[in-house]
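J.: Got a structure for you, questions after.
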Amino acid sequence: MQKMILLFALCILFVHHTSAQNELPDVKVKNLSGKEISFNTICKSTDTALVISFWATWCIPCITEMELLNEQYEDKRKEFPYKIIAVSIDDTRTVNKVRPFVKGRGWQFDFYTDTNHDLKRALNINDIPHILIIKNGKIIYQHTGYTPGNEENIYQKLKTN
């Protein structure tokens with residue numbers, strides 16, 4: 001009987017945890033000019049799907065993924081509407097590298113920084129690269145890590161949702 005109660009309690013916690021992750025946190029991030037803005041405001045400012053990429057200047061798989069997403073961005077946006085937002089988790093020691101790094105790459109995304117990792121923690125993100133797809137204010141897809149071909153999963157989710 002005790003095992004049954006424990007199992008039931010764990011199921012309730014799992015369902016609560018899963019549904020809580022679909023909610024967007026009201027956490028502040030900064031744009032590359034240093035202006036604070038609410039993550040909720042960013043996500044609700046558009047009707048199109050958002051691909052949110054959590055990355056850092058020192059993360060080679062993140063950079064590889066961002067390069068591929070950038071290369072295909074214009075062509076894929078003709079097929080289905082979406083917008084990419086990149087959130088750097090560089091800390092106070094490396095955050096000053098983000099702006100010149102981004103400018104040097106010529107990436108076409110909107111960029112924000114989460115220096116204190118408040119957003120990363122609120123979304124329960126443990127590792128990077130990490131991709132979220134948000135549509136109609138809800139998280140519809142998440143993926144951590146990068147291997148070649150992952151971007152096709154992202155495009156498939158964007159097409160079907």
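Identifiers for the structure tokens are assigned positionally: chains receive A, B, ... in sequence, residues are indexed from 1 per chain, and ligands are indexed from 1 in the order shown.
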For Tyr82 (chain A), work out the shell of residues within 6 Å, counting only C-alpha atoms and skipping chain neighbours fewer than 2 positions away, then give it as an MDAnalysis selection string.
T.: chainID A and resid 48:50
J.: Please extract the residues of region 31-127 of chain A with a backbone DSSP assignment of alpha helix (DSSP H) and present them as number ranges by chain.
T.: A: 39-44, 60-79, 98-105, 118-122
J.: Determine which residues of region 8-85 of chain A receive a DSSP assignment of strand (DSSP E), computed from the backbone, and state them as a tab-separated table (two decimals) with C-alpha atoms, in the first residue's frame.
T.:
```
chain	number	residue	atom	x	y	z
A	28	LYS	CA	14.64	39.32	-17.30
A	29	VAL	CA	17.37	38.96	-19.91
A	30	LYS	CA	19.44	41.68	-21.59
A	31	ASN	CA	19.76	42.55	-25.26
A	36	GLU	CA	16.69	44.45	-19.72
A	37	ILE	CA	13.57	42.84	-21.13
A	38	SER	CA	11.23	40.15	-19.87
A	49	ALA	CA	6.95	30.15	-33.76
A	50	LEU	CA	10.16	30.94	-31.89
A	51	VAL	CA	13.27	28.80	-31.90
A	52	ILE	CA	15.20	29.70	-28.75
A	53	SER	CA	18.82	28.61	-28.79
A	54	PHE	CA	20.76	28.60	-25.51
A	55	TRP	CA	24.48	28.86	-26.29
A	82	TYR	CA	9.53	31.29	-37.52
A	83	LYS	CA	12.06	33.44	-35.73
A	84	ILE	CA	15.31	32.47	-34.02
A	85	ILE	CA	16.29	34.01	-30.72
```
J.: State, in Å with one decimal place, the distance from CA of Asn70 (chain A) to CA of Trp107 (chain A).
T.: 6.0 Å
J.: Give me the residues within 8 Å of Ile128 (chain A) as a PyMOL selection string, counting only C-alpha atoms and dropping any in the same chain fewer than 2 places off.
T.: chain A and resi 54-56+59+62+125-126+130+144-145
J.: If you keep C-alpha atoms, can you produce a file of those selected residues as a short mmCIF file (atom, residue, chain, number, x, y, z; two decimals), in the first residue's frame?
T.:
```cif
data_model
loop_
_atom_site.label_atom_id
_atom_site.label_comp_id
_atom_site.auth_asym_id
_atom_site.auth_seq_id
_atom_site.Cartn_x
_atom_site.Cartn_y
_atom_site.Cartn_z
CA PHE A 54 20.76 28.60 -25.51
CA TRP A 55 24.48 28.86 -26.29
CA ALA A 56 27.84 30.30 -25.20
CA CYS A 59 30.65 26.06 -26.71
CA CYS A 62 26.55 25.53 -29.97
CA ILE A 125 18.07 23.72 -18.64
CA ASN A 126 21.13 21.80 -17.50
CA HIS A 130 19.69 23.60 -25.83
CA THR A 144 19.73 19.30 -25.57
CA GLY A 145 23.01 18.65 -27.37
#
```
J.: Name the residues in contact with Asn136 (chain A) at a cut-off of 12 Å, using only C-alpha atoms, excluding same-chain residues fewer than 5 positions from it; report them as number ranges by chain.
T.: A: 22-24, 40, 43-50, 82, 161
J.: Mind giving me the straight-line distance from CA of Asn153 (chain A) to CA of Asn116 (chain A) in Å, one decimal?
T.: 29.6 Å
J.: Quick one: residues within 12 Å of Gln156 (chain A), only C-alpha atoms, excluding same-chain residues fewer than 4 positions away - as a list in words?
T.: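 These residues fall inside the cut-off: Lys76, Glu79, Phe80, Ile133, Tyr141, Gly149, Asn150, Glu151, Glu152, Thr160 and Asn161 of chain A.
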J.: Got time to write the residues from that selection, C-alpha atoms, as a PDB file, in the first residue's frame?
T.:
```
ATOM      1  CA  LYS A  76      13.403  27.804 -44.318  1.00  0.00           C
ATOM      2  CA  GLU A  79       8.623  27.471 -46.239  1.00  0.00           C
ATOM      3  CA  PHE A  80       7.165  28.247 -42.802  1.00  0.00           C
ATOM      4  CA  ILE A 133      10.446  25.822 -29.773  1.00  0.00           C
ATOM      5  CA  TYR A 141       9.687  21.047 -28.231  1.00  0.00           C
ATOM      6  CA  GLY A 149      21.019  16.486 -38.586  1.00  0.00           C
ATOM      7  CA  ASN A 150      19.394  17.809 -35.385  1.00  0.00           C
ATOM      8  CA  GLU A 151      18.285  20.893 -37.279  1.00  0.00           C
ATOM      9  CA  GLU A 152      16.023  18.700 -39.429  1.00  0.00           C
ATOM     10  CA  THR A 160       3.904  20.109 -38.131  1.00  0.00           C
ATOM     11  CA  ASN A 161       2.912  22.394 -35.253  1.00  0.00           C
TER      12      ASN A 161
END
```
J.: Have a look at CA of Asp127 (chain A) and CA of Pro25 (chain A) and let me know their distance in Å, one decimal.
T.: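 Distance reported for this atom pair: 18.1 Å.
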